[in-house]
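This report concerns only the one structure given below.
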Amino acid sequence: MTIKRYYKIALFALLAFIVYKVASWFVFEPDRINAFHLVPHDAMFIIETREPISNLEILSQSELWDHLQSNEQIALMSEKLNSLDSLFQSERNLFNKIGDRDLIISAHKISFDDYGFLYVADLRQYSKIDLIKNNISQLVNENYSVSKREFKGHVIQEILDTNTNEVLRITFIENQLVASYTPRLVERSITTSKNPKLSTDLNFIKVKNEIQDDGLFRFYLNHNQLSNYYGLFVNESSDIIDILERNFYYSGFQIEEESDRWLKATGYISGNSTAQAFIKALDNSGTGSLDATTILPNDTALYISFGFDDFQSLHQDFISILKKQENKTVEEYENGKKKIEEFLDIDLDRDMYSWWDDEFAFATLDNSNNSNYKSNQESIIAAIKYKDEDVMQERLRFVQEQIRKKSPVKFKTVNYKQHAINFLDIKGFFKWVLGGMFERIEKPYYTVIDDYIVFSNSPVTLKRMIDDYEGKNTLIYSDYYMDFIDEFSTQSNVFFYIDTNKLAHVGSEYLNKETQLLLNNQHDFYSQFTQLGFELKAKDDLFKTKAVMRYDPDYDNQVQELEQQVSPGIELVRNVVNLDKETIFQLDLFPSDFTASDYEQFYSNGQLKFKVPLSDGLPNGRYREYYITGELKISGRFRRGKQIGKWKAFYPNGKRFHQKSF
């Protein structure tokens with residue numbers, strides 16, 4: 001063989017090698033692993049994006065993103081998200097190319113009161129570059145130092161920021177770069193890669209497969225971790241959180257930013273056998289209206305609506321489907337229902353369920369704007385829409401009569417503006433009949449407003465609803481609410497509405513100290529996300545969901561608070577200036593508890609405003625009212641709710657202002 005021939009063979013081999021290398025780079029895929037295989041199963045939530053750099057550039061052009069970046073925590077997370085690229089100087093162009101990679105961010109509880117983030121980025125073809133994997137120390141700038149350690153056959157590189165003393169841990173698992181500022185999250189990712197649970201969970205797969213890959217981001221919520229995440233911020237448990245955690249598995253959303261004012265998401269929720277039975281029953285029964293807005297005051301902080309075409313059909317269908325899957329649960333329910341019916345000699349299907357129409361509504365009111373409605377109890381509402389008022393009243397009278405016959409319980413009734421406010425002093429009755437959502441209304445007051453029978457834990461709340469309904473001060477007359485609700489369907493199976501600032505007032509006492517401090521420090525930031533809504537519609541065995549958040553840069557929290565503040569001096573001046581002989585003894589008294597022995601209210605400085613004894617919810621005895629500085633203002637007597645005898649009113653200096661006999 002000649003030298004020339006050897007040369008040709010060598011040249012051919014070299015060309016073949018080059019072709020192979022080029023093909024392996026551009027054509028042949030490296031060994032790849034699904035990024036979700038690396039996410040530990042206890043992730044509280046997961047954010048996924050295909051093109052993070054491009055999407056961040058889109059967001060950076062919006063007013064909404066500018067506002068998000070003003071939050072210290074979000075700005076810090078964004079900074080850490082970009083820190084991997086900022087580590088490098090000499091290979092800047094290379095990492096800019098890698099920048100638009102598939103990226104996953106997962107949040108995990110790492111201590112009693114804290115959580116950390118895990119970042120997983122798909123390097124694709126760039127995972128072949130050993131320089132990236134093994135020589136990071138040669139790429140970082142002088143502000144960082146790099147050390148290495150091994151964990152289960154993987155090299156973890158620890159990059160110390162000498163300015164902040166923060167340490168970013170990085171490892172490579174096939175095509176994926178895994179990073180975290182929490183060391184054990186990287187270790188757990190390595191362990192998870194050998195035995196993935198989240199990515200092989202059929203309930204997660206079901207939701208993930210329904211979510212489209214377009215849009216800015218995908219967001220996944222692990223319902224099994226809801227109480228852990230909720231507990232980081234709030235001291236009290238939540239019935240809603242408990243229901244979502246106990247009956248549902250995962251939520252998935254595709255997130256879009258359509259304007260500077262709206263952040264929107266669509267997706268799906270998967271649930272257990274009980275939830276699936278409920279979803280299928282709702283799917284069969286159809287959707288219901290959102291008509292409770294006609295009776296809910298403008299100061300509604302939280303509104304939850306359950307809609308259906310016909311409750312009796314829904315109820316029977318739900319029990320029938322659930323019986324095939326959870327027969328023991330159905331047996332327990334039916335035994336409890338039978339005991340109530342036998343004890344009271346009633347038929348719940350005939351006497352209760354037959355007159356229910358197409359909506360259940362639950363709501364919480366914010367009383368911070370109006371001292372007239374303040375009470376020691378949270379203003380909780382449960383409303384049932386009825387079909388025919390005559391049938392409803394007839395059936396309720398029958399149930400009340402049966403309770404009177406079978407138990408020592410007495411009904412109490414107080415009339416207000418032609419509305420009868422009833423009180424049933426029997427603990428847990430409506431929870432037995434109507435389910436766990438009534439758990440916080442143990443001894444309910446109830447009245448009829450428009451097409452709804454409305455239950456509450458406080459008669460003051462019902463009085464306030466009557467006033468707002470007659471004064472047309474309800475959600476349906478609010479342009480701000482109606483503008484928001486236009487983003488949703490007119491009918492749904494389940495609908496959540498949250499006025500975030502009002503809910504912050506209502507729920508502030510339940511927040512832990514750290515969360516209260518965070519909200520106080522960042523009040524201007526959070527207050528401008530003014531409204532949040534969720535819509536759920538049954539589809540097969542999933543809930544199809546839509547979520548909308550409103551950003552309102554014109555909302556000024558400080559102005560709102562100043563408008564609500566009244567100094568003691570101003571309050572005293574108002575008390576004196578407003579003295580009027582024609583109206584001084586016209587008192588609007590409505591106790592917050594019909595079972596209490598006294599009714600009293602206090603000024604904002606803690607000074608007693610008035611006090612009067614009660615009998616069956618009616619003023620009955622000596623009434624005394626005081627100025628904010630403590631001096632007696634009015635004295636008189638009530639008998640069974642009516643003023644009697646001689647009533648006297650005084651100036652703050654003790655001089656008598658007026659006297660009248662009743």
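Just remember, in the structure tokens the first chain shown is A, the second B, etc., residues are 1-based per chain, and ligands are 1-based in the order shown.
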Might you pull out every residue within 10 Å of Phe534 of chain A, with only C-alpha atoms counted and same-chain residues fewer than 5 positions away left off, and present them as a compact mmCIF listing (two decimals) with N, CA and C atoms, in the first residue's frame?
# COMPACT_ATOMS: atom_id res chain seq x y z
N ALA A 265 -54.93 33.12 33.77
CA ALA A 265 -54.44 31.74 33.70
C ALA A 265 -55.61 30.81 33.44
N THR A 266 -55.37 29.78 32.63
CA THR A 266 -56.37 28.73 32.39
C THR A 266 -55.72 27.38 32.65
N ILE A 304 -67.82 32.76 47.50
CA ILE A 304 -67.70 31.45 46.86
C ILE A 304 -69.09 31.02 46.42
N PHE A 488 -65.22 36.62 33.26
CA PHE A 488 -65.63 35.23 33.50
C PHE A 488 -66.97 34.94 32.81
N VAL A 494 -68.27 26.23 40.08
CA VAL A 494 -67.70 26.80 41.29
C VAL A 494 -67.02 28.11 40.91
N PHE A 495 -67.25 29.16 41.73
CA PHE A 495 -66.65 30.46 41.45
C PHE A 495 -66.14 31.06 42.76
N PHE A 496 -64.89 31.54 42.76
CA PHE A 496 -64.29 32.21 43.90
C PHE A 496 -64.04 33.67 43.51
N TYR A 497 -64.43 34.60 44.37
CA TYR A 497 -64.09 36.01 44.18
C TYR A 497 -63.45 36.53 45.46
N ILE A 498 -62.30 37.22 45.31
CA ILE A 498 -61.58 37.75 46.46
C ILE A 498 -61.26 39.22 46.22
N THR A 545 -60.37 25.18 34.72
CA THR A 545 -60.28 26.36 35.56
C THR A 545 -59.85 27.59 34.77
N LYS A 546 -60.25 28.74 35.32
CA LYS A 546 -59.76 30.02 34.82
C LYS A 546 -59.52 30.91 36.03
N ALA A 547 -58.38 31.59 36.04
CA ALA A 547 -58.04 32.49 37.13
C ALA A 547 -57.66 33.85 36.54
N VAL A 548 -58.09 34.91 37.21
CA VAL A 548 -57.79 36.27 36.77
C VAL A 548 -57.40 37.10 37.99
N MET A 549 -56.29 37.84 37.85
CA MET A 549 -55.89 38.79 38.90
C MET A 549 -55.84 40.19 38.29
Residues within 12 Å of Thr164 of chain A, please, as a ChimeraX atom specification. Count only C-alpha atoms; anything in the same chain fewer than 4 positions from it doesn't count.
/A:143-144,159-160,168
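One finds atom CA of Phe318 of chain A at 27.9 Å from atom CA of Asp390 of chain A.
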As a PyMOL selection string, please: the residues near segment 200-210 of chain A (cut-off 7 Å, only C-alpha atoms, same-chain neighbours under 2 positions excluded).
chain A and resi 196-198+212+249-252+268-270
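Of note, atom CA of Val391 of chain A and atom CA of Ser354 of chain A are spaced 9.0 Å apart.
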What lies within 8 Å of Trp355 of chain A using only C-alpha atoms, ignoring chain neighbours under 4 positions off, as a ChimeraX atom specification?
/A:351,386-388,391-392
Write a file of the selected residues as a short mmCIF file (atom, residue, chain, number, x, y, z; two decimals), in the first residue's frame, keeping N, CA and C atoms.
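Result saved to part_11.cif:
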data_model
loop_
_atom_site.label_atom_id
_atom_site.label_comp_id
_atom_site.auth_asym_id
_atom_site.auth_seq_id
_atom_site.Cartn_x
_atom_site.Cartn_y
_atom_site.Cartn_z
N ASP A 351 -88.44 18.43 52.72
CA ASP A 351 -88.56 19.63 53.56
C ASP A 351 -87.42 20.63 53.38
N TYR A 386 -83.67 30.03 46.58
CA TYR A 386 -84.85 29.17 46.59
C TYR A 386 -85.68 29.36 45.33
N LYS A 387 -86.50 28.33 45.04
CA LYS A 387 -87.33 28.38 43.83
C LYS A 387 -88.62 29.16 44.05
N ASP A 388 -89.31 28.86 45.15
CA ASP A 388 -90.63 29.44 45.41
C ASP A 388 -90.68 29.83 46.89
N VAL A 391 -93.35 27.96 49.13
CA VAL A 391 -92.96 26.58 49.45
C VAL A 391 -91.83 26.59 50.47
N MET A 392 -90.85 27.46 50.28
CA MET A 392 -89.73 27.54 51.21
C MET A 392 -90.21 27.88 52.62
#
Near Phe543 of chain A, within 9 Å and counting only C-alpha atoms, which residues show up once chain neighbours fewer than 5 positions away are dropped, as a list in words?
Gly267, Tyr268, Ile269, Ser270, Gly271, Gln276, Ile279, Leu536, Lys537 and Ala538 of chain A
Can those selected residues be exported to a file as a short mmCIF file (atom, residue, chain, number, x, y, z; two decimals), in the first residue's frame so that it contains C-alpha atoms?
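out18.cif, written as the output of this step:
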data_model
loop_
_atom_site.label_atom_id
_atom_site.label_comp_id
_atom_site.auth_asym_id
_atom_site.auth_seq_id
_atom_site.Cartn_x
_atom_site.Cartn_y
_atom_site.Cartn_z
CA GLY A 267 -55.93 25.11 33.39
CA TYR A 268 -57.26 22.00 35.13
CA ILE A 269 -57.56 20.41 38.58
CA SER A 270 -57.50 16.66 39.32
CA GLY A 271 -59.16 15.11 42.37
CA GLN A 276 -64.38 13.02 40.76
CA ILE A 279 -67.25 16.75 39.30
CA LEU A 536 -64.27 26.06 37.74
CA LYS A 537 -66.35 24.06 35.27
CA ALA A 538 -66.70 20.29 35.30
#
Could you give me, as a ChimeraX atom specification, each residue of segment 160-301 of chain A that DSSP assigns to alpha helix (DSSP H) when run on this structure's backbone?
/A:183-194,202-210,226-231,239-247,273-285
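Every protein or nucleic acid residue with an atom no more than 12 Å from Pro183 of chain A, counting only C-alpha atoms and leaving out same-chain residues fewer than 6 positions away, appears here: Ile110, Gly116, Phe117, Leu118, Arg149, Phe151, Ile156, Gln157, Glu158, Ile159, Glu166, Val167, Leu168, Arg169, Ile170, Thr171, Ser189 and Ile190 of chain A.
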Top pick for closest residue to His223 of chain A, considering A:Asp102, A:Glu331, A:Asp552, A:Asp42 and counting only C-alpha atoms
A:Asp42
From the list A:Glu625, A:Asp317, A:Asp486, A:Glu600, which residue is nearest Ile584 of chain A when using only C-alpha atoms?
A:Glu625
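Of note, atom CA of Phe36 of chain A and atom CA of Ser199 of chain A are spaced 5.4 Å apart.
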Using only C-alpha atoms, determine which residues lie at most 9 Å from Phe662 of chain A, disregarding the query and same-chain residues fewer than 5 positions distant; provide the list as a PyMOL selection string.
chain A and resi 642-647
Take the residues just selected and output them with C-alpha atoms as an mmCIF file, in the first residue's frame.
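What follows is the written file part-v5.cif:
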data_model
loop_
_atom_site.group_PDB
_atom_site.id
_atom_site.type_symbol
_atom_site.label_atom_id
_atom_site.label_comp_id
_atom_site.auth_asym_id
_atom_site.auth_seq_id
_atom_site.Cartn_x
_atom_site.Cartn_y
_atom_site.Cartn_z
ATOM 1 C CA LYS A 642 -89.514 49.692 73.619
ATOM 2 C CA GLN A 643 -88.447 52.918 75.326
ATOM 3 C CA ILE A 644 -90.422 53.687 78.491
ATOM 4 C CA GLY A 645 -90.466 56.333 81.215
ATOM 5 C CA LYS A 646 -88.358 59.481 81.357
ATOM 6 C CA TRP A 647 -85.265 59.796 79.113
#
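Distance check against Ile476 of chain A using only C-alpha atoms: of A:Ala35, A:Ile453, A:Ile47, A:Ile295, the minimum falls on A:Ile295.
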From the set A:Asn335, A:Ser492, A:Thr192, A:Ser180, which residue has the shortest atom-to-atom contact distance to Lys539 of chain A, counting only C-alpha atoms?
A:Ser492
So, counting only C-alpha atoms, which residue among A:Val120, A:Leu185, A:Leu296, A:Ala107 is closest to Asn222 of chain A?
A:Ala107
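Nearest-residue note for Phe45 of chain A: choosing from A:Asn228, A:Thr287, A:Thr274, A:Asn163, the minimum distance belongs to A:Asn228, counting only C-alpha atoms.
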